[in-house]
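Enquirer: Quick one, structure_39.cif (mmCIF, C-alpha atoms (C1' of nucleotides)):
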data_structure
#
loop_
_atom_site.label_atom_id
_atom_site.label_comp_id
_atom_site.auth_asym_id
_atom_site.auth_seq_id
_atom_site.Cartn_x
_atom_site.Cartn_y
_atom_site.Cartn_z
CA MET Y 13 125.96 217.08 249.17
CA PRO Y 14 122.58 217.86 247.81
CA ARG Y 15 120.96 216.85 244.61
CA VAL Y 16 121.27 219.73 242.21
CA ARG Y 17 118.26 221.45 240.69
CA GLU Y 18 117.49 220.10 237.23
CA PHE Y 19 115.76 223.12 235.74
CA ASP Y 20 117.13 226.58 235.18
CA THR Y 21 115.31 229.07 237.32
CA ASP Y 22 115.56 231.96 234.87
CA THR Y 23 114.16 230.07 231.90
CA ALA Y 24 111.44 228.58 234.08
CA VAL Y 25 110.43 232.02 235.30
CA ASP Y 26 110.58 233.30 231.73
CA ARG Y 27 107.92 230.76 230.86
CA ALA Y 28 105.88 231.86 233.85
CA VAL Y 29 106.22 235.47 232.73
CA GLU Y 30 104.79 234.60 229.34
CA THR Y 31 101.88 232.72 230.84
CA PHE Y 32 100.94 235.38 233.39
CA TRP Y 33 101.45 238.02 230.74
CA LYS Y 34 99.02 236.36 228.38
CA HIS Y 35 96.34 235.23 230.80
CA GLY Y 36 96.68 237.39 233.89
CA TYR Y 37 97.06 236.18 237.47
CA ASP Y 38 93.64 234.73 238.16
CA GLY Y 39 93.43 233.61 234.57
CA THR Y 40 96.32 231.20 234.82
CA GLY Y 41 96.10 228.09 236.94
CA MET Y 42 98.85 225.96 238.38
CA GLN Y 43 98.10 223.50 235.59
CA ASP Y 44 98.95 226.11 232.98
CA LEU Y 45 102.11 227.00 234.83
CA CYS Y 46 103.18 223.37 235.14
CA ALA Y 47 102.62 222.87 231.44
CA ALA Y 48 104.38 226.08 230.42
CA MET Y 49 107.32 225.63 232.75
CA ASP Y 50 107.47 221.89 232.15
CA LEU Y 51 107.61 221.32 235.88
CA HIS Y 52 105.50 219.50 238.42
CA SER Y 53 103.60 221.48 240.97
CA GLY Y 54 105.83 220.17 243.75
CA SER Y 55 108.92 221.65 242.17
CA ILE Y 56 107.22 224.98 241.69
CA TYR Y 57 106.08 225.11 245.28
CA ALA Y 58 109.52 224.07 246.49
CA ALA Y 59 111.19 226.79 244.47
CA PHE Y 60 108.74 229.69 244.80
CA GLY Y 61 106.58 229.00 247.81
CA ASP Y 62 103.25 229.46 246.15
CA LYS Y 63 101.57 230.84 243.05
CA ARG Y 64 101.82 234.38 244.30
CA GLY Y 65 105.51 233.93 245.02
CA LEU Y 66 106.02 232.79 241.47
CA TYR Y 67 104.10 235.79 240.21
CA LEU Y 68 106.28 238.11 242.25
CA ALA Y 69 109.35 236.41 240.76
CA ALA Y 70 107.82 236.79 237.31
CA MET Y 71 107.33 240.52 237.87
CA ASP Y 72 110.95 240.90 238.90
CA ARG Y 73 112.13 238.94 235.91
CA TYR Y 74 109.93 240.95 233.56
CA ILE Y 75 111.29 244.19 234.93
CA ASP Y 76 114.84 242.90 234.75
CA THR Y 77 114.59 241.82 231.12
CA VAL Y 78 111.76 243.08 228.95
CA SER Y 79 111.32 246.35 230.74
CA ARG Y 80 114.99 247.05 231.29
CA ASP Y 81 115.70 246.60 227.58
CA ALA Y 82 112.87 248.92 226.68
CA ILE Y 83 114.02 251.61 229.06
CA ALA Y 84 117.58 251.31 227.81
CA ARG Y 85 116.40 252.51 224.43
CA ILE Y 86 115.51 255.86 225.92
CA SER Y 87 118.97 256.79 227.11
CA GLY Y 88 120.83 254.98 224.36
CA ALA Y 89 119.77 257.33 221.59
CA PRO Y 90 121.63 260.21 219.96
CA SER Y 91 119.26 262.77 221.42
CA GLY Y 92 116.64 263.05 224.13
CA LEU Y 93 113.76 263.18 221.71
CA ASP Y 94 115.17 260.32 219.65
CA GLY Y 95 115.27 258.23 222.80
CA ILE Y 96 111.63 258.84 223.59
CA ARG Y 97 110.67 258.20 220.01
CA ALA Y 98 112.72 255.01 219.86
CA TYR Y 99 111.00 253.77 222.97
CA PHE Y 100 107.53 254.28 221.55
CA ASP Y 101 108.46 253.01 218.09
CA HIS Y 102 109.74 249.80 219.57
CA LEU Y 103 106.60 249.51 221.63
CA VAL Y 104 104.44 249.86 218.53
CA ASP Y 105 106.44 247.15 216.79
CA ALA Y 106 106.01 244.81 219.73
CA ILE Y 107 102.29 245.50 219.91
CA VAL Y 108 101.76 244.82 216.23
CA ASP Y 109 103.62 241.56 216.02
CA GLY Y 110 105.51 240.91 219.21
CA LYS Y 111 104.81 239.97 222.78
CA ARG Y 112 103.24 243.28 223.61
CA ARG Y 113 100.22 242.01 221.79
CA TRP Y 114 99.18 241.04 225.33
CA GLY Y 115 99.85 244.51 226.64
CA CYS Y 116 102.41 244.93 229.35
CA LEU Y 117 102.67 242.62 232.34
CA ILE Y 118 102.89 245.60 234.66
CA THR Y 119 99.96 247.44 233.12
CA ASN Y 120 97.94 244.25 233.38
CA ALA Y 121 99.00 243.93 236.99
CA VAL Y 122 97.85 247.46 237.71
CA ALA Y 123 94.42 246.67 236.33
CA GLU Y 124 94.03 243.31 237.99
CA LEU Y 125 96.00 243.40 241.24
CA ALA Y 126 97.16 246.85 242.28
CA GLN Y 127 94.21 247.40 244.56
CA ARG Y 128 94.12 244.09 246.33
CA ASP Y 129 97.78 243.30 246.94
CA PRO Y 130 99.96 246.00 248.54
CA GLU Y 131 103.23 244.19 247.83
CA ILE Y 132 102.39 243.99 244.14
CA ALA Y 133 101.25 247.61 244.23
CA THR Y 134 104.65 248.58 245.59
CA LYS Y 135 106.49 246.67 242.90
CA ILE Y 136 104.31 248.39 240.30
CA ALA Y 137 105.01 251.80 241.78
CA VAL Y 138 108.74 251.18 241.75
CA HIS Y 139 108.65 250.15 238.14
CA LEU Y 140 106.47 253.01 237.00
CA SER Y 141 108.67 255.49 238.75
CA ARG Y 142 111.69 253.98 237.03
CA VAL Y 143 110.09 254.53 233.63
CA ASP Y 144 109.04 257.98 234.73
CA THR Y 145 112.61 258.81 235.73
CA ALA Y 146 113.89 257.68 232.35
CA PHE Y 147 111.35 259.89 230.61
CA GLN Y 148 112.32 262.79 232.84
CA ALA Y 149 115.98 262.44 231.99
CA ALA Y 150 115.23 262.24 228.28
CA LEU Y 151 113.00 265.30 228.45
CA ALA Y 152 115.65 267.24 230.34
CA ARG Y 153 118.18 266.28 227.72
CA ALA Y 154 115.83 267.23 224.90
CA GLN Y 155 115.16 270.52 226.60
CA ALA Y 156 118.87 271.24 226.87
CA GLU Y 157 119.15 270.38 223.20
CA GLY Y 158 116.50 272.98 222.46
CA ALA Y 159 114.18 270.37 220.98
CA LEU Y 160 111.16 271.04 223.15
CA ALA Y 161 108.43 273.63 222.80
CA LYS Y 162 108.32 276.56 225.14
CA GLY Y 163 107.02 275.58 228.55
CA VAL Y 164 107.72 271.89 228.03
CA GLY Y 165 110.19 270.24 230.38
CA PRO Y 166 110.95 267.12 232.38
CA GLU Y 167 107.70 267.43 234.28
CA LYS Y 168 105.85 266.10 231.25
CA SER Y 169 107.12 262.61 232.03
CA THR Y 170 103.88 261.56 233.70
CA TYR Y 171 102.03 262.54 230.60
CA LEU Y 172 104.21 260.17 228.59
CA LEU Y 173 103.60 257.53 231.23
CA CYS Y 174 99.88 257.99 230.72
CA VAL Y 175 100.15 257.64 226.96
CA LEU Y 176 102.23 254.52 227.51
CA GLN Y 177 99.58 252.93 229.69
CA GLY Y 178 96.94 253.85 227.17
CA LEU Y 179 98.87 252.17 224.38
CA ASN Y 180 99.30 249.07 226.49
CA VAL Y 181 95.55 248.90 227.00
CA LEU Y 182 94.70 249.54 223.36
CA ALA Y 183 97.24 246.84 222.46
CA LYS Y 184 94.75 244.27 223.66
CA THR Y 185 92.21 245.39 221.09
CA GLN Y 186 94.55 244.49 218.24
CA PRO Y 187 94.74 247.91 216.61
CA PRO Y 188 96.36 248.29 213.18
CA ARG Y 189 99.85 249.77 213.08
CA PRO Y 190 98.90 253.13 211.49
CA VAL Y 191 96.52 253.85 214.36
CA LEU Y 192 99.25 253.29 216.90
CA GLU Y 193 101.73 255.34 214.92
CA ALA Y 194 99.32 258.22 214.65
CA ILE Y 195 98.79 258.20 218.40
CA VAL Y 196 102.51 258.29 219.09
CA ASP Y 197 103.04 261.04 216.53
CA THR Y 198 100.35 263.16 218.09
CA ALA Y 199 101.55 262.56 221.60
CA LEU Y 200 105.10 263.60 220.78
CA ALA Y 201 104.17 266.44 218.42
CA GLY Y 202 102.64 268.23 221.39
CA LEU Y 203 106.01 268.35 223.09
CA GLU Y 204 108.32 269.19 220.21
CA ARG Y 205 109.44 272.64 219.37
CA MET K 3 49.33 234.20 237.14
CA PRO K 4 52.94 234.21 238.11
CA ARG K 5 54.60 235.27 241.27
CA VAL K 6 56.16 238.66 240.63
CA ARG K 7 59.88 239.32 240.99
CA GLU K 8 60.71 240.87 244.34
CA PHE K 9 63.92 242.64 243.44
CA ASP K 10 64.42 245.40 240.92
CA THR K 11 66.66 244.22 238.12
CA ASP K 12 68.30 247.58 237.50
CA THR K 13 69.32 248.18 241.07
CA ALA K 14 70.51 244.59 241.40
CA VAL K 15 72.66 244.95 238.30
CA ASP K 16 73.93 248.28 239.60
CA ARG K 17 75.27 246.43 242.62
CA ALA K 18 76.83 243.85 240.36
CA VAL K 19 78.42 246.64 238.32
CA GLU K 20 80.04 248.07 241.43
CA THR K 21 81.35 244.70 242.52
CA PHE K 22 82.79 243.72 239.14
CA TRP K 23 84.14 247.22 238.76
CA LYS K 24 86.01 247.03 242.03
CA HIS K 25 87.27 243.45 241.93
CA GLY K 26 87.25 242.39 238.29
CA TYR K 27 85.58 239.34 236.83
CA ASP K 28 87.71 236.55 238.23
CA GLY K 29 88.19 238.55 241.37
CA THR K 30 84.55 238.50 242.35
CA GLY K 31 82.85 235.28 243.37
CA MET K 32 79.19 234.41 243.40
CA GLN K 33 79.36 234.88 247.16
CA ASP K 34 80.40 238.49 246.70
CA LEU K 35 77.67 239.00 244.16
CA CYS K 36 75.02 237.44 246.41
CA ALA K 37 76.12 239.68 249.25
CA ALA K 38 76.29 242.84 247.15
CA MET K 39 73.03 242.22 245.33
CA ASP K 40 71.33 240.88 248.46
CA LEU K 41 70.10 237.91 246.47
CA HIS K 42 70.54 234.17 246.64
CA SER K 43 72.47 232.40 243.96
CA GLY K 44 69.33 230.71 242.68
CA SER K 45 67.69 234.03 241.93
CA ILE K 46 70.75 235.29 240.14
CA TYR K 47 70.97 232.20 238.00
CA ALA K 48 67.25 232.35 237.25
CA ALA K 49 67.54 235.95 236.14
CA PHE K 50 70.89 236.02 234.36
CA GLY K 51 71.77 232.47 233.44
CA ASP K 52 75.23 232.41 234.91
CA LYS K 53 78.02 234.60 236.24
CA ARG K 54 79.12 235.55 232.76
CA GLY K 55 75.56 236.48 231.80
CA LEU K 56 75.42 238.76 234.80
CA TYR K 57 78.73 240.32 233.81
CA LEU K 58 77.42 240.96 230.32
CA ALA K 59 74.34 242.59 231.83
CA ALA K 60 76.61 244.65 234.07
CA MET K 61 78.59 245.87 231.09
CA ASP K 62 75.40 246.93 229.33
CA ARG K 63 74.19 248.69 232.41
CA TYR K 64 77.51 250.44 232.90
CA ILE K 65 77.49 251.66 229.34
CA ASP K 66 73.89 252.77 229.61
CA THR K 67 74.41 254.79 232.77
CA VAL K 68 77.93 255.73 233.85
CA SER K 69 79.38 255.85 230.40
CA ARG K 70 76.41 257.45 228.71
CA ASP K 71 76.42 260.28 231.23
CA ALA K 72 80.11 260.83 230.71
CA ILE K 73 79.79 260.92 226.94
CA ALA K 74 76.87 263.28 227.17
CA ARG K 75 79.17 265.86 228.70
CA ILE K 76 81.11 266.02 225.47
CA SER K 77 78.29 267.15 223.24
CA GLY K 78 76.47 269.13 225.91
CA ALA K 79 79.07 271.87 226.13
CA PRO K 80 79.11 275.36 224.65
CA SER K 81 81.99 274.48 222.34
CA GLY K 82 83.78 271.43 221.02
CA LEU K 83 86.89 271.97 223.10
CA ASP K 84 84.83 272.71 226.20
CA GLY K 85 83.09 269.39 225.73
CA ILE K 86 86.33 267.47 225.60
CA ARG K 87 87.68 269.37 228.55
CA ALA K 88 84.49 268.82 230.55
CA TYR K 89 84.73 265.12 229.88
CA PHE K 90 88.27 264.85 231.20
CA ASP K 91 87.68 267.20 234.11
CA HIS K 92 84.80 265.09 235.27
CA LEU K 93 86.93 261.98 234.87
CA VAL K 94 89.64 263.49 237.06
CA ASP K 95 87.06 264.33 239.73
CA ALA K 96 85.73 260.80 239.67
CA ILE K 97 89.22 259.32 239.89
CA VAL K 98 90.18 261.46 242.85
CA ASP K 99 87.14 260.84 244.98
CA GLY K 100 84.51 259.01 243.01
CA LYS K 101 83.89 255.59 241.61
CA ARG K 102 86.56 255.91 238.97
CA ARG K 103 88.99 255.24 241.78
CA TRP K 104 88.65 251.69 240.45
CA GLY K 105 89.36 252.78 236.92
CA CYS K 106 86.73 252.12 234.32
CA LEU K 107 84.79 248.88 234.06
CA ILE K 108 85.44 248.74 230.34
CA THR K 109 89.15 249.47 230.61
CA ASN K 110 89.40 246.78 233.25
CA ALA K 111 87.52 244.41 230.96
CA VAL K 112 89.96 245.12 228.15
CA ALA K 113 92.87 244.20 230.37
CA GLU K 114 91.29 241.12 231.90
CA LEU K 115 88.92 239.65 229.34
CA ALA K 116 89.24 241.12 225.86
CA GLN K 117 91.55 238.38 224.68
CA ARG K 118 89.71 235.38 226.02
CA ASP K 119 86.06 236.20 225.40
CA PRO K 120 85.04 237.34 221.91
CA GLU K 121 81.57 238.44 222.97
CA ILE K 122 83.01 240.69 225.63
CA ALA K 123 85.62 241.91 223.15
CA THR K 124 82.81 242.93 220.81
CA LYS K 125 80.97 244.80 223.53
CA ILE K 126 84.19 246.58 224.38
CA ALA K 127 84.80 247.51 220.76
CA VAL K 128 81.30 248.90 220.40
CA HIS K 129 81.74 251.02 223.47
CA LEU K 130 85.17 252.31 222.56
CA SER K 131 83.99 253.25 219.12
CA ARG K 132 81.10 255.12 220.68
CA VAL K 133 83.49 257.18 222.77
CA ASP K 134 85.70 257.62 219.74
CA THR K 135 82.77 258.89 217.71
CA ALA K 136 81.91 261.42 220.38
CA PHE K 137 85.49 262.66 220.44
CA GLN K 138 85.47 262.89 216.65
CA ALA K 139 82.34 264.99 216.64
CA ALA K 140 83.71 267.31 219.29
CA LEU K 141 86.97 267.70 217.42
CA ALA K 142 85.13 268.45 214.19
CA ARG K 143 83.11 271.03 216.00
CA ALA K 144 86.19 272.55 217.60
CA GLN K 145 87.86 272.63 214.23
CA ALA K 146 84.92 274.46 212.71
CA GLU K 147 85.11 276.88 215.59
CA GLY K 148 88.73 277.52 214.74
CA ALA K 149 89.87 276.29 218.13
CA LEU K 150 92.32 273.65 216.93
CA ALA K 151 95.92 273.96 215.85
CA LYS K 152 96.82 273.65 212.21
CA GLY K 153 96.73 270.05 211.05
CA VAL K 154 94.62 268.90 213.98
CA GLY K 155 91.21 267.46 213.18
CA PRO K 156 88.69 264.75 214.04
CA GLU K 157 91.24 262.02 213.36
CA LYS K 158 92.90 262.78 216.67
CA SER K 159 90.04 261.05 218.46
CA THR K 160 92.00 257.82 218.90
CA TYR K 161 94.74 259.78 220.56
CA LEU K 162 92.24 261.06 223.09
CA LEU K 163 90.98 257.52 223.51
CA CYS K 164 94.52 256.45 224.32
CA VAL K 165 94.97 259.17 226.92
CA LEU K 166 91.63 258.15 228.40
CA GLN K 167 92.72 254.55 228.79
CA GLY K 168 95.98 255.68 230.29
CA LEU K 169 94.18 257.79 232.88
CA ASN K 170 91.93 254.87 233.74
CA VAL K 171 94.98 252.72 234.39
CA LEU K 172 96.81 255.35 236.41
CA ALA K 173 93.60 255.82 238.40
CA LYS K 174 94.33 252.53 240.12
CA THR K 175 97.59 253.86 241.48
CA GLN K 176 95.80 256.57 243.44
CA PRO K 177 97.54 259.57 241.89
CA PRO K 178 97.09 263.03 243.42
CA ARG K 179 94.79 265.42 241.61
CA PRO K 180 97.46 267.82 240.33
CA VAL K 181 99.21 264.99 238.52
CA LEU K 182 96.02 264.06 236.70
CA GLU K 183 95.24 267.66 235.90
CA ALA K 184 98.69 268.20 234.46
CA ILE K 185 98.30 265.17 232.21
CA VAL K 186 94.97 266.39 230.89
CA ASP K 187 96.32 269.90 230.36
CA THR K 188 99.27 268.60 228.39
CA ALA K 189 97.16 266.23 226.34
CA LEU K 190 94.75 268.97 225.31
CA ALA K 191 97.34 271.68 224.91
CA GLY K 192 98.82 269.71 222.04
CA LEU K 193 95.58 270.03 220.11
CA GLU K 194 94.61 273.60 220.81
CA ARG K 195 95.37 276.48 218.52
"C1'" DC U 27 130.34 202.60 248.40
"C1'" DG U 28 127.40 204.54 251.67
"C1'" DT U 29 125.36 208.36 253.64
"C1'" DT U 30 123.23 212.63 253.62
"C1'" DT U 31 120.89 216.14 251.63
"C1'" DT U 32 118.10 217.95 248.36
"C1'" DC U 33 115.21 217.65 244.33
"C1'" DT U 34 111.48 215.43 241.70
"C1'" DT U 35 107.27 213.00 241.10
"C1'" DG U 36 102.38 212.79 240.93
"C1'" DA U 37 98.78 211.22 243.59
"C1'" DT U 38 96.20 213.31 247.30
"C1'" DT U 39 93.96 216.82 250.09
"C1'" DA U 40 91.32 220.61 251.39
"C1'" DT U 41 89.00 224.21 249.86
"C1'" DA U 42 86.53 227.34 247.07
"C1'" DT U 43 84.20 227.77 242.88
"C1'" DG U 44 80.26 228.10 239.85
"C1'" DT U 45 76.02 225.82 239.37
"C1'" DT U 46 71.76 223.07 240.16
"C1'" DC U 47 67.55 221.65 242.25
"C1'" DA U 48 63.70 220.28 245.09
"C1'" DA U 49 60.95 222.46 248.41
"C1'" DT U 50 58.57 226.52 249.68
"C1'" DA U 51 56.30 230.94 249.01
"C1'" DA U 52 53.84 234.36 246.51
"C1'" DT U 53 51.03 236.22 243.01
"C1'" DA U 54 47.41 236.49 239.28
"C1'" DA U 55 43.63 234.55 236.80
"C1'" DC U 56 39.46 231.90 236.83
"C1'" DG N 11 39.27 229.64 247.03
"C1'" DT N 12 41.53 227.00 243.90
"C1'" DT N 13 44.88 226.47 240.52
"C1'" DA N 14 48.63 227.55 237.57
"C1'" DT N 15 52.76 229.81 237.17
"C1'" DT N 16 56.77 231.80 238.62
"C1'" DA N 17 60.11 233.54 242.28
"C1'" DT N 18 62.83 232.51 246.32
"C1'" DT N 19 65.44 229.78 249.38
"C1'" DG N 20 69.53 227.50 250.77
"C1'" DA N 21 71.36 223.19 250.93
"C1'" DA N 22 73.69 220.09 247.85
"C1'" DC N 23 76.59 219.00 243.78
"C1'" DA N 24 80.33 218.70 240.67
"C1'" DT N 25 84.29 220.57 239.50
"C1'" DA N 26 88.53 222.99 239.53
"C1'" DT N 27 91.73 225.10 242.32
"C1'" DA N 28 95.85 225.86 245.01
"C1'" DA N 29 98.60 223.38 247.94
"C1'" DT N 30 100.73 219.22 250.34
"C1'" DC N 31 103.43 215.18 251.10
"C1'" DA N 32 105.44 210.64 251.19
"C1'" DA N 33 108.12 207.91 248.19
"C1'" DG N 34 111.71 207.61 244.93
"C1'" DA N 35 115.86 209.63 242.43
"C1'" DA N 36 120.14 212.14 241.99
"C1'" DA N 37 124.10 214.36 243.34
"C1'" DA N 38 128.08 215.51 246.60
"C1'" DC N 39 130.93 214.29 250.23
"C1'" DG N 40 133.52 211.19 253.39
#
Kindly transcribe the structure held in the file into structure tokens.
Expert:
Amino acid sequence: MPRVREFDTDTAVDRAVETFWKHGYDGTGMQDLCAAMDLHSGSIYAAFGDKRGLYLAAMDRYIDTVSRDAIARISGAPSGLDGIRAYFDHLVDAIVDGKRRWGCLITNAVAELAQRDPEIATKIAVHLSRVDTAFQAALARAQAEGALAKGVGPEKSTYLLCVLQGLNVLAKTQPPRPVLEAIVDTALAGLER
Amino acid sequence: MPRVREFDTDTAVDRAVETFWKHGYDGTGMQDLCAAMDLHSGSIYAAFGDKRGLYLAAMDRYIDTVSRDAIARISGAPSGLDGIRAYFDHLVDAIVDGKRRWGCLITNAVAELAQRDPEIATKIAVHLSRVDTAFQAALARAQAEGALAKGVGPEKSTYLLCVLQGLNVLAKTQPPRPVLEAIVDTALAGLER
DNA sequence: CGTTTTCTTGATTATATGTTCAATAATAAC
DNA sequence: GTTATTATTGAACATATAATCAAGAAAACG
């Protein structure tokens, strides 16, 4: 019997993702969100509870789309090392002229919110551990393929996670592509046989 | 003829540094600053103009104290590689049970403010390039000492900068010491002869 | 068609924010 | 001691913020 919702939740949240991504949590006001989502505050509050609820939804959406696609590149490569390299190459592309110009929503969330909102901290931890797991699997595969240096194994995943976070931070300083490529090359060269 | 200022500027700014460091720019209100600095808003505005002016002063102070000390460890070591290692070891200590638990004020500023405040972005760039220069010098020295692997030279400084930023992000997720130590070991192992 | 239920609208509210300012207090020079 | 100058105080201000809500609109069902 009810009136049906006029807007599509996913596309609305996608807009919210972009806005939070670009300006951070405190940096974006309800006004910005209304403008970006093309919705009135009432609708947003009806659908998501409050600003924080919308942010939580945006994190989920980000992880389910942007991040999932990125992670998929790791396992969808012909070899373990190729997967890792594909992941970082794509990241570099996105930093140079894609959405990753604003870093990574999750990395930004770590910096801004991890220490004041336990629920967000948990979501972050889950996501990071998912990336970590993907790196682990790729490293194990690469190891089995004999592509890694002696003493290098799946346990180096956190190191890759660290490099990833570093790249996401540097992204915000608009570095030229060769700089990013050199960093990735160096980071991976240390692992290769 | 004037009445003399009652509070010491440096110690007041030190308190501001801590507060901004912990809670970010948007995350700390004038109330917090008044409480932390034990000053009334009027005094703060008289001395620093506005909240942003105080933040700028805090960045300068941070760079002049915390960051300067850290950088000094690089050049004040018996060898180039020792300097780099000392720098990261100290960082790990500070992350585990020191102030770096809240990351790095500059790294946090990159994430939160670099893309919306050009003056802050400039200050950040100056600082990062200072760290980069220190890494470069240490790498050159290590190279001259024959401590680096073939093909590794001063140009790897940005790579170290990236790892540094990554560690500062991970710091906010409260990682256990061995994890941090493993990351540093891996990062440096890739450069060593 | 009428009713019910839900969504949308956008003005309104309460609050918190950064900021100002007039009054007061303290110092240094004459 | 008087005066000139500056610091401190803390209430007050303007603004922006997140959040609410009553009125109107739209759909589904009987």
Enquirer: Hey, can you check how far C1' of DT34 (chain U) sits from CA of Cys46 (chain Y)?
Expert: 13.2 Å
Enquirer: Show which residues sit within 9 Å of Asp52 (chain K), as a ChimeraX atom specification. Count all atoms listed in the file, and ignore same-chain residues fewer than 6 positions away.
Expert: /K:46 /U:44-45
Enquirer: What does the distance from CA of Leu203 (chain Y) to CA of Gly168 (chain K) come to in Å, to one decimal?
Expert: 17.7 Å
Enquirer: Would you mind telling me which residue in K:Lys158, K:His25, K:His42, K:Arg118 lies nearest to chain N when using only C-alpha atoms (C1' of nucleotides)?
Expert: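 So, comparing all the options, the nearest one is K:His42.
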Enquirer: Which polymer residues have any atom within 7 Å of an atom of region 16-28 of chain N, counting only C-alpha atoms (C1' of nucleotides), with same-chain residues fewer than 5 positions away left out, as a list in words?
Expert: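 The filter keeps Pro4, Arg5, Val6, Arg7 and Ser45 of chain K.
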Enquirer: Selected by the PyMOL selection byres ((chain K) within 6 of (chain Y)) in the shown coordinates: which residues, as a ChimeraX atom specification?
Expert: /K:110,113,161,164-165,167-168,185,192
Enquirer: Based on all atoms listed in the file, which of the residues in chain N come within 8 Å of chain Y? I want them as a VMD selection string.
Expert: chain N and resid 27 to 29 36 to 39
Enquirer: Residues of chain U within 6 Å of chain K: nearest atom pair and distance (Å, one decimal) for each, counting all atoms listed in the file, sorted by chain and number, as a tab-separated table?
Expert:
residue	atom	partner	partner_atom	distance
U:DA52	C1'	K:Arg5	CA	5.4
U:DT53	C1'	K:Arg5	CA	4.1
U:DA54	C1'	K:Met3	CA	3.7
U:DA55	C1'	K:Met3	CA	5.7
Enquirer: With C-alpha atoms (C1' of nucleotides) kept, could you save the residues just selected as an mmCIF file, in the coordinates of the input?
Expert:
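Result file result12.cif:
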data_model
loop_
_atom_site.group_PDB
_atom_site.id
_atom_site.type_symbol
_atom_site.label_atom_id
_atom_site.label_comp_id
_atom_site.auth_asym_id
_atom_site.auth_seq_id
_atom_site.Cartn_x
_atom_site.Cartn_y
_atom_site.Cartn_z
ATOM 1 C "C1'" DA U 52 53.840 234.360 246.510
ATOM 2 C "C1'" DT U 53 51.030 236.220 243.010
ATOM 3 C "C1'" DA U 54 47.410 236.490 239.280
ATOM 4 C "C1'" DA U 55 43.630 234.550 236.800
#
Enquirer: Starting from the displayed file, determine the output of the PyMOL selection byres ((chain Y and resi 21) around 12) and express the residue list as a ChimeraX atom specification.
Expert: /Y:17-20,22-28,49-51,55-56,58-60,66,69-70,73
Enquirer: Write out as a PDB file with C-alpha atoms, in the coordinates of the input each polymer residue whose atoms come within 12 Å of Leu150 (chain K), counting all atoms listed in the file; drop sequence neighbours fewer than 2 positions from it.
Expert:
ATOM      1  CA  SER K  81      81.990 274.480 222.340  1.00  0.00           C
ATOM      2  CA  GLY K  82      83.780 271.430 221.020  1.00  0.00           C
ATOM      3  CA  LEU K  83      86.890 271.970 223.100  1.00  0.00           C
ATOM      4  CA  ASP K  84      84.830 272.710 226.200  1.00  0.00           C
ATOM      5  CA  ALA K 140      83.710 267.310 219.290  1.00  0.00           C
ATOM      6  CA  LEU K 141      86.970 267.700 217.420  1.00  0.00           C
ATOM      7  CA  ALA K 142      85.130 268.450 214.190  1.00  0.00           C
ATOM      8  CA  ARG K 143      83.110 271.030 216.000  1.00  0.00           C
ATOM      9  CA  ALA K 144      86.190 272.550 217.600  1.00  0.00           C
ATOM     10  CA  GLN K 145      87.860 272.630 214.230  1.00  0.00           C
ATOM     11  CA  ALA K 146      84.920 274.460 212.710  1.00  0.00           C
ATOM     12  CA  GLU K 147      85.110 276.880 215.590  1.00  0.00           C
ATOM     13  CA  GLY K 148      88.730 277.520 214.740  1.00  0.00           C
ATOM     14  CA  LYS K 152      96.820 273.650 212.210  1.00  0.00           C
ATOM     15  CA  GLY K 153      96.730 270.050 211.050  1.00  0.00           C
ATOM     16  CA  VAL K 154      94.620 268.900 213.980  1.00  0.00           C
ATOM     17  CA  GLY K 155      91.210 267.460 213.180  1.00  0.00           C
ATOM     18  CA  PRO K 156      88.690 264.750 214.040  1.00  0.00           C
ATOM     19  CA  LYS K 158      92.900 262.780 216.670  1.00  0.00           C
ATOM     20  CA  LEU K 190      94.750 268.970 225.310  1.00  0.00           C
ATOM     21  CA  ALA K 191      97.340 271.680 224.910  1.00  0.00           C
ATOM     22  CA  GLY K 192      98.820 269.710 222.040  1.00  0.00           C
ATOM     23  CA  LEU K 193      95.580 270.030 220.110  1.00  0.00           C
ATOM     24  CA  GLU K 194      94.610 273.600 220.810  1.00  0.00           C
ATOM     25  CA  ARG K 195      95.370 276.480 218.520  1.00  0.00           C
TER      26      ARG K 195
END
Enquirer: Work out how far CA of Asp62 (chain K) is from CA of Ala38 (chain K), in Å to one decimal.
Expert: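 Computing it gives 18.3 Å between the two atoms.
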Enquirer: Any idea what's packed within 8 Å of Val104 (chain Y), counting all atoms listed in the file, ignoring anything in its chain fewer than 3 positions away? Could you give it as an NGL selection string?
Expert: :Y and (100-101 or 107-108 or 189 or 192-193)
Enquirer: Given the file shown, enumerate the residues that the PyMOL selection byres ((chain U and resi 29) around 10) captures and present them as a list of chain:residue names.
Expert: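 So the PyMOL selection byres ((chain U and resi 29) around 10), applied here, picks out Y:Met13, U:DC27, U:DG28, U:DT30, U:DT31, N:DC39, N:DG40.
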Enquirer: For a cut-off of 10 Å around (96.0, 210.1, 248.0), file coordinates, pick out all residues using all atoms listed in the file and list them as a PyMOL selection string.
Expert: (chain U and resi 36-39) or (chain N and resi 31-32)
Enquirer: Need the axis-aligned box for region 47-66 of chain K with 3 Å each side, so what are the centre and edges in Å to one decimal, as lines of an AutoDock Vina configuration file?
Expert:
center_x = 73.2
center_y = 242.5
center_z = 233.7
size_x = 17.9
size_y = 26.6
size_z = 14.7
